[in-house]
$ cat upload-v7.txt   # compact mmCIF, N, CA and C atoms
# COMPACT_ATOMS: atom_id res chain seq x y z
N ALA A 1 -32.79 55.54 27.43
CA ALA A 1 -32.04 54.40 27.93
C ALA A 1 -30.56 54.67 27.76
N LYS A 2 -29.87 54.77 28.86
CA LYS A 2 -28.44 55.07 28.83
C LYS A 2 -27.58 53.82 28.66
N ALA A 3 -28.08 52.65 29.03
CA ALA A 3 -27.27 51.44 28.99
C ALA A 3 -26.68 51.15 27.61
N PRO A 4 -27.45 51.23 26.52
CA PRO A 4 -26.84 50.99 25.21
C PRO A 4 -25.74 51.99 24.88
N HIS A 5 -25.91 53.24 25.31
CA HIS A 5 -24.88 54.25 25.07
C HIS A 5 -23.61 53.92 25.86
N ILE A 6 -23.78 53.55 27.12
CA ILE A 6 -22.64 53.15 27.94
C ILE A 6 -21.95 51.93 27.32
N ALA A 7 -22.74 50.99 26.80
CA ALA A 7 -22.18 49.80 26.16
C ALA A 7 -21.38 50.16 24.92
N ARG A 8 -21.84 51.13 24.13
CA ARG A 8 -21.09 51.55 22.94
C ARG A 8 -19.76 52.18 23.34
N ILE A 9 -19.76 52.98 24.40
CA ILE A 9 -18.50 53.56 24.88
C ILE A 9 -17.56 52.45 25.33
N ALA A 10 -18.07 51.51 26.12
CA ALA A 10 -17.24 50.42 26.62
C ALA A 10 -16.69 49.58 25.46
N ALA A 11 -17.52 49.33 24.44
CA ALA A 11 -17.08 48.53 23.29
C ALA A 11 -16.01 49.27 22.49
N SER A 12 -16.03 50.61 22.51
CA SER A 12 -14.99 51.34 21.78
C SER A 12 -13.66 51.29 22.54
N VAL A 13 -13.71 51.02 23.84
CA VAL A 13 -12.49 50.94 24.65
C VAL A 13 -11.99 49.50 24.75
N PHE A 14 -12.91 48.56 24.89
CA PHE A 14 -12.55 47.15 25.02
C PHE A 14 -13.06 46.40 23.79
N GLY A 15 -12.14 46.02 22.91
CA GLY A 15 -12.49 45.43 21.63
C GLY A 15 -13.19 44.08 21.72
N ASP A 16 -13.08 43.38 22.84
CA ASP A 16 -13.70 42.07 22.96
C ASP A 16 -15.15 42.15 23.43
N MET A 17 -15.68 43.35 23.57
CA MET A 17 -17.05 43.53 24.03
C MET A 17 -17.94 43.90 22.85
N ASP A 18 -19.14 43.34 22.80
CA ASP A 18 -20.11 43.63 21.75
C ASP A 18 -21.23 44.47 22.34
N ALA A 19 -21.30 45.73 21.93
CA ALA A 19 -22.33 46.63 22.47
C ALA A 19 -23.73 46.13 22.16
N GLY A 20 -23.89 45.39 21.07
CA GLY A 20 -25.19 44.85 20.70
C GLY A 20 -25.77 43.88 21.71
N ASP A 21 -24.92 43.34 22.58
CA ASP A 21 -25.40 42.42 23.61
C ASP A 21 -26.17 43.15 24.71
N PHE A 22 -26.04 44.47 24.77
CA PHE A 22 -26.62 45.25 25.86
C PHE A 22 -27.71 46.19 25.33
N GLU A 23 -28.70 45.63 24.68
CA GLU A 23 -29.77 46.41 24.07
C GLU A 23 -31.08 46.24 24.83
N ILE A 24 -31.99 47.16 24.55
CA ILE A 24 -33.36 47.09 25.07
C ILE A 24 -34.28 47.09 23.87
N SER A 25 -35.08 46.05 23.75
CA SER A 25 -36.00 45.93 22.62
C SER A 25 -37.42 45.83 23.17
N ALA A 26 -38.29 46.71 22.72
CA ALA A 26 -39.69 46.74 23.18
C ALA A 26 -39.74 46.79 24.71
N ASP A 27 -38.89 47.62 25.30
CA ASP A 27 -38.80 47.80 26.75
C ASP A 27 -38.36 46.55 27.50
N VAL A 28 -37.78 45.58 26.79
CA VAL A 28 -37.29 44.36 27.42
C VAL A 28 -35.76 44.35 27.32
N PRO A 29 -35.05 44.37 28.45
CA PRO A 29 -33.58 44.34 28.39
C PRO A 29 -33.07 42.97 27.94
N SER A 30 -31.96 42.99 27.22
CA SER A 30 -31.35 41.73 26.79
C SER A 30 -30.85 40.98 28.02
N ASP A 31 -30.57 39.69 27.82
CA ASP A 31 -30.06 38.88 28.94
C ASP A 31 -28.76 39.44 29.49
N ALA A 32 -27.86 39.88 28.59
CA ALA A 32 -26.57 40.44 29.04
C ALA A 32 -26.78 41.71 29.85
N LEU A 33 -27.70 42.56 29.40
CA LEU A 33 -27.98 43.79 30.14
C LEU A 33 -28.60 43.47 31.49
N ARG A 34 -29.56 42.56 31.51
CA ARG A 34 -30.22 42.19 32.77
C ARG A 34 -29.23 41.60 33.77
N ALA A 35 -28.20 40.92 33.29
CA ALA A 35 -27.20 40.31 34.17
C ALA A 35 -26.11 41.29 34.61
N SER A 36 -26.08 42.48 34.00
CA SER A 36 -25.00 43.43 34.31
C SER A 36 -25.19 44.09 35.67
N LEU A 37 -24.08 44.47 36.26
CA LEU A 37 -24.12 45.15 37.56
C LEU A 37 -24.82 46.50 37.45
N VAL A 38 -24.55 47.24 36.38
CA VAL A 38 -25.19 48.56 36.22
C VAL A 38 -26.71 48.42 36.21
N HIS A 39 -27.22 47.48 35.45
CA HIS A 39 -28.68 47.28 35.39
C HIS A 39 -29.23 46.82 36.74
N THR A 40 -28.51 45.91 37.38
CA THR A 40 -28.95 45.41 38.69
C THR A 40 -29.06 46.53 39.70
N LEU A 41 -28.05 47.40 39.75
CA LEU A 41 -28.09 48.51 40.69
C LEU A 41 -29.14 49.54 40.31
N PHE A 42 -29.24 49.85 39.02
CA PHE A 42 -30.22 50.84 38.59
C PHE A 42 -31.65 50.39 38.89
N MET A 43 -31.94 49.12 38.65
CA MET A 43 -33.31 48.61 38.82
C MET A 43 -33.64 48.24 40.27
N HIS A 44 -32.65 48.29 41.16
CA HIS A 44 -32.88 47.92 42.55
C HIS A 44 -34.01 48.76 43.15
N GLY A 45 -35.02 48.08 43.67
CA GLY A 45 -36.12 48.75 44.36
C GLY A 45 -37.14 49.39 43.44
N ILE A 46 -37.01 49.23 42.15
CA ILE A 46 -37.97 49.80 41.20
C ILE A 46 -38.95 48.70 40.82
N SER A 47 -40.22 49.00 40.94
CA SER A 47 -41.24 48.00 40.60
C SER A 47 -41.52 48.04 39.11
N GLY A 48 -42.05 46.97 38.59
CA GLY A 48 -42.38 46.88 37.18
C GLY A 48 -42.02 45.52 36.63
N ALA A 49 -42.37 45.32 35.37
CA ALA A 49 -42.18 44.01 34.75
C ALA A 49 -40.72 43.58 34.69
N HIS A 50 -39.80 44.52 34.53
CA HIS A 50 -38.40 44.15 34.36
C HIS A 50 -37.55 44.60 35.54
N ALA A 51 -38.18 44.82 36.67
CA ALA A 51 -37.49 45.31 37.85
C ALA A 51 -36.62 44.21 38.47
N SER A 52 -35.66 44.66 39.23
CA SER A 52 -34.81 43.73 39.97
C SER A 52 -35.63 43.17 41.13
N THR A 53 -35.46 41.91 41.37
CA THR A 53 -36.18 41.28 42.49
C THR A 53 -35.29 41.18 43.72
N ARG A 54 -34.14 41.79 43.67
CA ARG A 54 -33.21 41.71 44.80
C ARG A 54 -33.67 42.61 45.94
N ASP A 55 -33.61 42.09 47.15
CA ASP A 55 -33.94 42.91 48.31
C ASP A 55 -32.64 43.46 48.91
N GLU A 56 -32.77 44.17 50.02
CA GLU A 56 -31.58 44.80 50.63
C GLU A 56 -30.52 43.77 51.02
N ALA A 57 -30.94 42.62 51.52
CA ALA A 57 -29.98 41.59 51.93
C ALA A 57 -29.22 41.05 50.72
N GLU A 58 -29.92 40.85 49.61
CA GLU A 58 -29.25 40.34 48.40
C GLU A 58 -28.31 41.40 47.82
N LEU A 59 -28.73 42.66 47.90
CA LEU A 59 -27.87 43.74 47.44
C LEU A 59 -26.60 43.80 48.30
N ALA A 60 -26.75 43.65 49.60
CA ALA A 60 -25.60 43.63 50.51
C ALA A 60 -24.70 42.43 50.21
N ALA A 61 -25.31 41.29 49.86
CA ALA A 61 -24.52 40.11 49.52
C ALA A 61 -23.67 40.35 48.27
N LEU A 62 -24.16 41.21 47.36
CA LEU A 62 -23.38 41.58 46.18
C LEU A 62 -22.26 42.55 46.55
N GLY A 63 -22.36 43.14 47.74
CA GLY A 63 -21.32 44.06 48.21
C GLY A 63 -21.68 45.52 48.06
N PHE A 64 -22.98 45.84 48.02
CA PHE A 64 -23.41 47.23 47.84
C PHE A 64 -24.52 47.60 48.82
N GLU A 65 -24.60 48.89 49.09
CA GLU A 65 -25.66 49.44 49.93
C GLU A 65 -26.13 50.74 49.27
N GLU A 66 -27.43 50.87 49.08
CA GLU A 66 -27.97 52.10 48.50
C GLU A 66 -27.89 53.21 49.53
N VAL A 67 -27.32 54.36 49.14
CA VAL A 67 -27.20 55.48 50.08
C VAL A 67 -27.94 56.71 49.61
N PHE A 68 -28.26 56.80 48.31
CA PHE A 68 -29.00 57.96 47.82
C PHE A 68 -29.67 57.62 46.50
N THR A 69 -30.91 58.05 46.35
CA THR A 69 -31.61 58.02 45.08
C THR A 69 -32.35 59.34 44.97
N SER A 70 -32.15 60.04 43.87
CA SER A 70 -32.83 61.33 43.67
C SER A 70 -34.33 61.08 43.50
N PRO A 71 -35.14 62.10 43.74
CA PRO A 71 -36.61 61.91 43.67
C PRO A 71 -37.08 61.34 42.33
N ASN A 72 -36.45 61.69 41.23
CA ASN A 72 -36.88 61.17 39.93
C ASN A 72 -36.06 59.96 39.46
N ARG A 73 -35.21 59.45 40.34
CA ARG A 73 -34.35 58.27 40.09
C ARG A 73 -33.33 58.49 38.98
N MET A 74 -33.01 59.73 38.68
CA MET A 74 -32.01 60.01 37.65
C MET A 74 -30.59 59.83 38.18
N ALA A 75 -30.44 59.91 39.48
CA ALA A 75 -29.13 59.71 40.10
C ALA A 75 -29.27 58.75 41.26
N ARG A 76 -28.40 57.75 41.29
CA ARG A 76 -28.39 56.77 42.37
C ARG A 76 -26.95 56.58 42.82
N VAL A 77 -26.77 56.46 44.13
CA VAL A 77 -25.43 56.27 44.69
C VAL A 77 -25.47 55.03 45.57
N PHE A 78 -24.48 54.16 45.37
CA PHE A 78 -24.36 52.94 46.16
C PHE A 78 -22.98 52.92 46.80
N ARG A 79 -22.93 52.51 48.05
CA ARG A 79 -21.67 52.37 48.78
C ARG A 79 -21.16 50.95 48.54
N VAL A 80 -19.86 50.85 48.31
CA VAL A 80 -19.22 49.54 48.19
C VAL A 80 -18.91 49.05 49.59
N LEU A 81 -19.39 47.88 49.92
CA LEU A 81 -19.18 47.30 51.24
C LEU A 81 -17.96 46.37 51.23
N ARG A 82 -17.44 46.10 52.37
CA ARG A 82 -16.36 45.12 52.55
C ARG A 82 -15.12 45.43 51.70
N VAL A 83 -14.65 46.66 51.74
CA VAL A 83 -13.41 47.01 51.06
C VAL A 83 -12.26 46.47 51.90
N SER A 84 -11.38 45.71 51.28
CA SER A 84 -10.29 45.07 52.03
C SER A 84 -9.28 46.10 52.54
N GLU A 85 -8.60 45.74 53.62
CA GLU A 85 -7.54 46.61 54.15
C GLU A 85 -6.42 46.77 53.13
N GLU A 86 -6.14 45.71 52.38
CA GLU A 86 -5.12 45.76 51.33
C GLU A 86 -5.49 46.81 50.27
N SER A 87 -6.74 46.83 49.87
CA SER A 87 -7.20 47.80 48.88
C SER A 87 -7.13 49.22 49.43
N LYS A 88 -7.54 49.40 50.68
CA LYS A 88 -7.46 50.73 51.30
C LYS A 88 -6.02 51.21 51.38
N ALA A 89 -5.08 50.31 51.71
CA ALA A 89 -3.67 50.67 51.80
C ALA A 89 -3.12 51.03 50.42
N HIS A 90 -3.53 50.28 49.40
CA HIS A 90 -3.08 50.56 48.03
C HIS A 90 -3.54 51.95 47.58
N VAL A 91 -4.79 52.28 47.83
CA VAL A 91 -5.33 53.59 47.45
C VAL A 91 -4.61 54.71 48.21
N ALA A 92 -4.38 54.50 49.50
CA ALA A 92 -3.69 55.53 50.29
C ALA A 92 -2.27 55.75 49.77
N ALA A 93 -1.55 54.68 49.46
CA ALA A 93 -0.19 54.81 48.94
C ALA A 93 -0.20 55.49 47.57
N SER A 94 -1.17 55.12 46.75
CA SER A 94 -1.30 55.72 45.43
C SER A 94 -1.59 57.21 45.54
N PHE A 95 -2.46 57.58 46.47
CA PHE A 95 -2.79 58.99 46.69
C PHE A 95 -1.54 59.77 47.07
N GLU A 96 -0.70 59.19 47.91
CA GLU A 96 0.53 59.87 48.32
C GLU A 96 1.49 60.04 47.13
N ARG A 97 1.58 59.01 46.26
CA ARG A 97 2.43 59.11 45.07
C ARG A 97 1.93 60.22 44.14
N VAL A 98 0.62 60.30 43.96
CA VAL A 98 0.04 61.34 43.10
C VAL A 98 0.28 62.72 43.71
N ARG A 99 0.08 62.84 45.01
CA ARG A 99 0.32 64.13 45.67
C ARG A 99 1.77 64.59 45.50
N ALA A 100 2.71 63.67 45.67
CA ALA A 100 4.12 64.00 45.50
C ALA A 100 4.42 64.40 44.06
N CYS A 101 3.82 63.70 43.10
CA CYS A 101 4.03 64.02 41.70
C CYS A 101 3.47 65.40 41.37
N HIS A 102 2.28 65.69 41.86
CA HIS A 102 1.68 67.00 41.63
C HIS A 102 2.53 68.11 42.23
N ALA A 103 3.09 67.86 43.40
CA ALA A 103 3.93 68.87 44.04
C ALA A 103 5.19 69.13 43.21
N GLU A 104 5.71 68.08 42.58
CA GLU A 104 6.95 68.23 41.80
C GLU A 104 6.70 68.76 40.39
N HIS A 105 5.64 68.25 39.74
CA HIS A 105 5.43 68.56 38.31
C HIS A 105 4.22 69.43 38.02
N GLY A 106 3.34 69.60 38.96
CA GLY A 106 2.09 70.32 38.69
C GLY A 106 0.96 69.34 38.49
N GLU A 107 -0.25 69.79 38.77
CA GLU A 107 -1.39 68.86 38.78
C GLU A 107 -1.75 68.28 37.43
N LEU A 108 -1.46 68.95 36.34
CA LEU A 108 -1.89 68.47 35.03
C LEU A 108 -0.77 67.79 34.24
N HIS A 109 0.37 67.57 34.85
CA HIS A 109 1.50 66.98 34.14
C HIS A 109 1.20 65.52 33.79
N PRO A 110 1.45 65.12 32.52
CA PRO A 110 1.14 63.74 32.10
C PRO A 110 1.85 62.65 32.89
N VAL A 111 3.06 62.92 33.40
CA VAL A 111 3.79 61.89 34.13
C VAL A 111 3.03 61.44 35.37
N CYS A 112 2.19 62.30 35.92
CA CYS A 112 1.46 61.96 37.14
C CYS A 112 0.36 60.92 36.90
N ARG A 113 -0.06 60.77 35.64
CA ARG A 113 -1.09 59.76 35.34
C ARG A 113 -0.60 58.34 35.65
N ALA A 114 0.70 58.14 35.60
CA ALA A 114 1.26 56.81 35.86
C ALA A 114 1.11 56.42 37.33
N HIS A 115 0.75 57.35 38.18
CA HIS A 115 0.66 57.07 39.61
C HIS A 115 -0.80 56.88 40.06
N HIS A 116 -1.65 56.44 39.14
CA HIS A 116 -3.07 56.28 39.45
C HIS A 116 -3.29 55.25 40.55
N GLY A 117 -4.50 55.20 41.06
CA GLY A 117 -4.80 54.34 42.19
C GLY A 117 -5.47 53.03 41.88
N TYR A 118 -5.40 52.57 40.64
CA TYR A 118 -6.06 51.32 40.31
C TYR A 118 -5.33 50.14 40.94
N PRO A 119 -6.06 49.18 41.47
CA PRO A 119 -5.41 48.01 42.08
C PRO A 119 -4.73 47.15 41.01
N PRO A 120 -3.68 46.45 41.40
CA PRO A 120 -2.95 45.62 40.43
C PRO A 120 -3.82 44.58 39.74
N GLU A 121 -4.88 44.13 40.40
CA GLU A 121 -5.75 43.12 39.81
C GLU A 121 -6.45 43.62 38.55
N LEU A 122 -6.55 44.94 38.38
CA LEU A 122 -7.19 45.51 37.19
C LEU A 122 -6.21 45.69 36.03
N SER A 123 -4.94 45.43 36.26
CA SER A 123 -3.93 45.65 35.22
C SER A 123 -4.25 44.96 33.90
N PRO A 124 -4.65 43.68 33.88
CA PRO A 124 -4.96 43.05 32.58
C PRO A 124 -6.06 43.78 31.82
N ALA A 125 -7.10 44.21 32.51
CA ALA A 125 -8.19 44.92 31.83
C ALA A 125 -7.73 46.29 31.35
N LEU A 126 -6.95 46.99 32.16
CA LEU A 126 -6.48 48.32 31.77
C LEU A 126 -5.49 48.25 30.61
N GLU A 127 -4.69 47.19 30.58
CA GLU A 127 -3.73 47.03 29.48
C GLU A 127 -4.45 46.69 28.17
N ALA A 128 -5.60 46.02 28.26
CA ALA A 128 -6.37 45.67 27.06
C ALA A 128 -7.17 46.86 26.53
N ALA A 129 -7.33 47.89 27.33
CA ALA A 129 -8.13 49.04 26.92
C ALA A 129 -7.37 49.87 25.89
N ARG A 130 -8.15 50.48 25.01
CA ARG A 130 -7.58 51.43 24.06
C ARG A 130 -8.28 52.77 24.29
N PRO A 131 -7.72 53.86 23.84
CA PRO A 131 -8.34 55.17 24.09
C PRO A 131 -9.76 55.22 23.53
N PHE A 132 -10.65 55.89 24.24
CA PHE A 132 -12.02 56.03 23.83
C PHE A 132 -12.09 56.68 22.45
N ALA A 133 -12.92 56.13 21.57
CA ALA A 133 -13.12 56.69 20.24
C ALA A 133 -14.56 57.13 20.10
N GLN A 134 -14.78 58.38 19.76
CA GLN A 134 -16.14 58.88 19.52
C GLN A 134 -16.62 58.26 18.21
N LEU A 135 -17.68 57.47 18.27
CA LEU A 135 -18.15 56.75 17.09
C LEU A 135 -19.21 57.52 16.32
N GLU A 136 -19.98 58.35 17.01
CA GLU A 136 -21.02 59.12 16.35
C GLU A 136 -20.63 60.58 16.35
N LYS A 137 -21.16 61.34 15.39
CA LYS A 137 -20.84 62.77 15.29
C LYS A 137 -21.77 63.63 16.14
N PHE A 138 -22.98 63.17 16.41
CA PHE A 138 -23.96 63.91 17.23
C PHE A 138 -24.19 65.32 16.70
N GLY A 139 -24.10 65.52 15.39
CA GLY A 139 -24.42 66.80 14.79
C GLY A 139 -23.39 67.90 14.99
N PHE A 140 -22.20 67.55 15.46
CA PHE A 140 -21.17 68.58 15.68
C PHE A 140 -20.33 68.76 14.44
$ encode --input "upload-v7.txt" --output "structure tokens"
Amino acid sequence: AKAPHIARIAASVFGDMDAGDFEISADVPSDALRASLVHTLFMHGISGAHASTRDEAELAALGFEEVFTSPNRMARVFRVLRVSEESKAHVAASFERVRACHAEHGELHPVCRAHHGYPPELSPALEAARPFAQLEKFGF
């Protein structure tokens, strides 16, 4: 189960998140995990006791379309639908700023990170983030 691991990473970056809310106990996902977008997309179209009951129309209403699932379901790709023209313009302008920065300073120069393509609406979340902290040693 990758969701608890992803939740621990997210909790190390965003202090107001509790990774314990996103657990699986006896193969039953917690309410927070079941309500999450990651779980909803992962479980889409999978049968079983804890499967998503959303059909293609409901998935489209959420703004996603499934475009690829590997034979063993280890990799799934969903297209984001209804991307606004404003968002597309922001990404295009950001890409041009990054290209110009790379041309001037080189591709790995730290100053170029300031020209990322995140939309302004994500600024509050990005400002609240702190650098990822490895919490477990994993035997290294």
$ atom_distance --input "upload-v7.txt" --atom1 "atom N of A:Arg113" --atom2 "atom C of A:Arg130"
16.1 Å
$ select_by_dssp --input "upload-v7.txt" --residues "stretch 13-90 of chain A" --states "alpha helix (DSSP H)" --output "PDB file with N, CA and C atoms, in the coordinates of the input"
ATOM      1  N   VAL A  13     -13.710  51.020  23.840  1.00  0.00           N
ATOM      2  CA  VAL A  13     -12.490  50.940  24.650  1.00  0.00           C
ATOM      3  C   VAL A  13     -11.990  49.500  24.750  1.00  0.00           C
ATOM      4  N   ASP A  31     -30.570  39.690  27.820  1.00  0.00           N
ATOM      5  CA  ASP A  31     -30.060  38.880  28.940  1.00  0.00           C
ATOM      6  C   ASP A  31     -28.760  39.440  29.490  1.00  0.00           C
ATOM      7  N   ALA A  32     -27.860  39.880  28.590  1.00  0.00           N
ATOM      8  CA  ALA A  32     -26.570  40.440  29.040  1.00  0.00           C
ATOM      9  C   ALA A  32     -26.780  41.710  29.850  1.00  0.00           C
ATOM     10  N   LEU A  33     -27.700  42.560  29.400  1.00  0.00           N
ATOM     11  CA  LEU A  33     -27.980  43.790  30.140  1.00  0.00           C
ATOM     12  C   LEU A  33     -28.600  43.470  31.490  1.00  0.00           C
ATOM     13  N   ARG A  34     -29.560  42.560  31.510  1.00  0.00           N
ATOM     14  CA  ARG A  34     -30.220  42.190  32.770  1.00  0.00           C
ATOM     15  C   ARG A  34     -29.230  41.600  33.770  1.00  0.00           C
ATOM     16  N   ALA A  35     -28.200  40.920  33.290  1.00  0.00           N
ATOM     17  CA  ALA A  35     -27.200  40.310  34.170  1.00  0.00           C
ATOM     18  C   ALA A  35     -26.110  41.290  34.610  1.00  0.00           C
ATOM     19  N   LEU A  37     -24.080  44.470  36.260  1.00  0.00           N
ATOM     20  CA  LEU A  37     -24.120  45.150  37.560  1.00  0.00           C
ATOM     21  C   LEU A  37     -24.820  46.500  37.450  1.00  0.00           C
ATOM     22  N   VAL A  38     -24.550  47.240  36.380  1.00  0.00           N
ATOM     23  CA  VAL A  38     -25.190  48.560  36.220  1.00  0.00           C
ATOM     24  C   VAL A  38     -26.710  48.420  36.210  1.00  0.00           C
ATOM     25  N   HIS A  39     -27.220  47.480  35.450  1.00  0.00           N
ATOM     26  CA  HIS A  39     -28.680  47.280  35.390  1.00  0.00           C
ATOM     27  C   HIS A  39     -29.230  46.820  36.740  1.00  0.00           C
ATOM     28  N   THR A  40     -28.510  45.910  37.380  1.00  0.00           N
ATOM     29  CA  THR A  40     -28.950  45.410  38.690  1.00  0.00           C
ATOM     30  C   THR A  40     -29.060  46.530  39.700  1.00  0.00           C
ATOM     31  N   LEU A  41     -28.050  47.400  39.750  1.00  0.00           N
ATOM     32  CA  LEU A  41     -28.090  48.510  40.690  1.00  0.00           C
ATOM     33  C   LEU A  41     -29.140  49.540  40.310  1.00  0.00           C
ATOM     34  N   PHE A  42     -29.240  49.850  39.020  1.00  0.00           N
ATOM     35  CA  PHE A  42     -30.220  50.840  38.590  1.00  0.00           C
ATOM     36  C   PHE A  42     -31.650  50.390  38.890  1.00  0.00           C
ATOM     37  N   MET A  43     -31.940  49.120  38.650  1.00  0.00           N
ATOM     38  CA  MET A  43     -33.310  48.610  38.820  1.00  0.00           C
ATOM     39  C   MET A  43     -33.640  48.240  40.270  1.00  0.00           C
ATOM     40  N   GLU A  56     -32.770  44.170  50.020  1.00  0.00           N
ATOM     41  CA  GLU A  56     -31.580  44.800  50.630  1.00  0.00           C
ATOM     42  C   GLU A  56     -30.520  43.770  51.020  1.00  0.00           C
ATOM     43  N   ALA A  57     -30.940  42.620  51.520  1.00  0.00           N
ATOM     44  CA  ALA A  57     -29.980  41.590  51.930  1.00  0.00           C
ATOM     45  C   ALA A  57     -29.220  41.050  50.720  1.00  0.00           C
ATOM     46  N   GLU A  58     -29.920  40.850  49.610  1.00  0.00           N
ATOM     47  CA  GLU A  58     -29.250  40.340  48.400  1.00  0.00           C
ATOM     48  C   GLU A  58     -28.310  41.400  47.820  1.00  0.00           C
ATOM     49  N   LEU A  59     -28.730  42.660  47.900  1.00  0.00           N
ATOM     50  CA  LEU A  59     -27.870  43.740  47.440  1.00  0.00           C
ATOM     51  C   LEU A  59     -26.600  43.800  48.300  1.00  0.00           C
ATOM     52  N   ALA A  60     -26.750  43.650  49.600  1.00  0.00           N
ATOM     53  CA  ALA A  60     -25.600  43.630  50.510  1.00  0.00           C
ATOM     54  C   ALA A  60     -24.700  42.430  50.210  1.00  0.00           C
ATOM     55  N   ALA A  61     -25.310  41.290  49.860  1.00  0.00           N
ATOM     56  CA  ALA A  61     -24.520  40.110  49.520  1.00  0.00           C
ATOM     57  C   ALA A  61     -23.670  40.350  48.270  1.00  0.00           C
ATOM     58  N   LEU A  62     -24.160  41.210  47.360  1.00  0.00           N
ATOM     59  CA  LEU A  62     -23.380  41.580  46.180  1.00  0.00           C
ATOM     60  C   LEU A  62     -22.260  42.550  46.550  1.00  0.00           C
ATOM     61  N   GLU A  85      -8.600  45.740  53.620  1.00  0.00           N
ATOM     62  CA  GLU A  85      -7.540  46.610  54.150  1.00  0.00           C
ATOM     63  C   GLU A  85      -6.420  46.770  53.130  1.00  0.00           C
ATOM     64  N   GLU A  86      -6.140  45.710  52.380  1.00  0.00           N
ATOM     65  CA  GLU A  86      -5.120  45.760  51.330  1.00  0.00           C
ATOM     66  C   GLU A  86      -5.490  46.810  50.270  1.00  0.00           C
ATOM     67  N   SER A  87      -6.740  46.830  49.870  1.00  0.00           N
ATOM     68  CA  SER A  87      -7.200  47.800  48.880  1.00  0.00           C
ATOM     69  C   SER A  87      -7.130  49.220  49.430  1.00  0.00           C
ATOM     70  N   LYS A  88      -7.540  49.400  50.680  1.00  0.00           N
ATOM     71  CA  LYS A  88      -7.460  50.730  51.300  1.00  0.00           C
ATOM     72  C   LYS A  88      -6.020  51.210  51.380  1.00  0.00           C
ATOM     73  N   ALA A  89      -5.080  50.310  51.710  1.00  0.00           N
ATOM     74  CA  ALA A  89      -3.670  50.670  51.800  1.00  0.00           C
ATOM     75  C   ALA A  89      -3.120  51.030  50.420  1.00  0.00           C
ATOM     76  N   HIS A  90      -3.530  50.280  49.400  1.00  0.00           N
ATOM     77  CA  HIS A  90      -3.080  50.560  48.030  1.00  0.00           C
ATOM     78  C   HIS A  90      -3.540  51.950  47.580  1.00  0.00           C
TER      79      HIS A  90
END
$ closest_atom_pairs --input "upload-v7.txt" --of "stretch 86-134 of chain A" --to "stretch 17-37 of chain A" --cutoff "12 Å" --atoms "only C-alpha atoms" --output "CSV"
residue,atom,partner,partner_atom,distance
A:Ala125,CA,A:Met17,CA,11.9
A:Ala128,CA,A:Met17,CA,11.3
A:Ala129,CA,A:Met17,CA,10.9
$ write_last_selection --input "upload-v7.txt" --atoms "N, CA and C atoms" --output "PDB file, in the coordinates of the input"
ATOM      1  N   ALA A 125      -7.100  44.210  32.510  1.00  0.00           N
ATOM      2  CA  ALA A 125      -8.190  44.920  31.830  1.00  0.00           C
ATOM      3  C   ALA A 125      -7.730  46.290  31.350  1.00  0.00           C
ATOM      4  N   ALA A 128      -5.600  46.020  28.260  1.00  0.00           N
ATOM      5  CA  ALA A 128      -6.370  45.670  27.060  1.00  0.00           C
ATOM      6  C   ALA A 128      -7.170  46.860  26.530  1.00  0.00           C
ATOM      7  N   ALA A 129      -7.330  47.890  27.330  1.00  0.00           N
ATOM      8  CA  ALA A 129      -8.130  49.040  26.920  1.00  0.00           C
ATOM      9  C   ALA A 129      -7.370  49.870  25.890  1.00  0.00           C
TER      10      ALA A 129
END
$ atom_distance --input "upload-v7.txt" --atom1 "atom C of A:Cys112" --atom2 "atom C of A:Pro131"
17.7 Å
$ residues_around --input "upload-v7.txt" --residues "stretch 80-91 of chain A" --least-positions-apart "6" --cutoff "6 Å" --atoms "all atoms listed in the file" --output "VMD selection string"
chain A and resid 63 to 65 117
$ residues_near_point --input "upload-v7.txt" --point "(-15.0, 53.7, 25.4)" --cutoff "7 Å" --atoms "all atoms listed in the file" --output "list in words"
Arg8, Ile9, Ala10, Ala11, Ser12, Val13, Phe14, Arg130, Pro131, Phe132 and Ala133 of chain A
$ atom_distance --input "upload-v7.txt" --atom1 "atom CA of A:Leu122" --atom2 "atom CA of A:Val67"
25.8 Å
$ residues_near_point --input "upload-v7.txt" --point "(-27.7, 53.1, 46.6)" --cutoff "8 Å" --atoms "all atoms listed in the file" --output "MDAnalysis selection string"
chainID A and resid 41 64:69 75:79
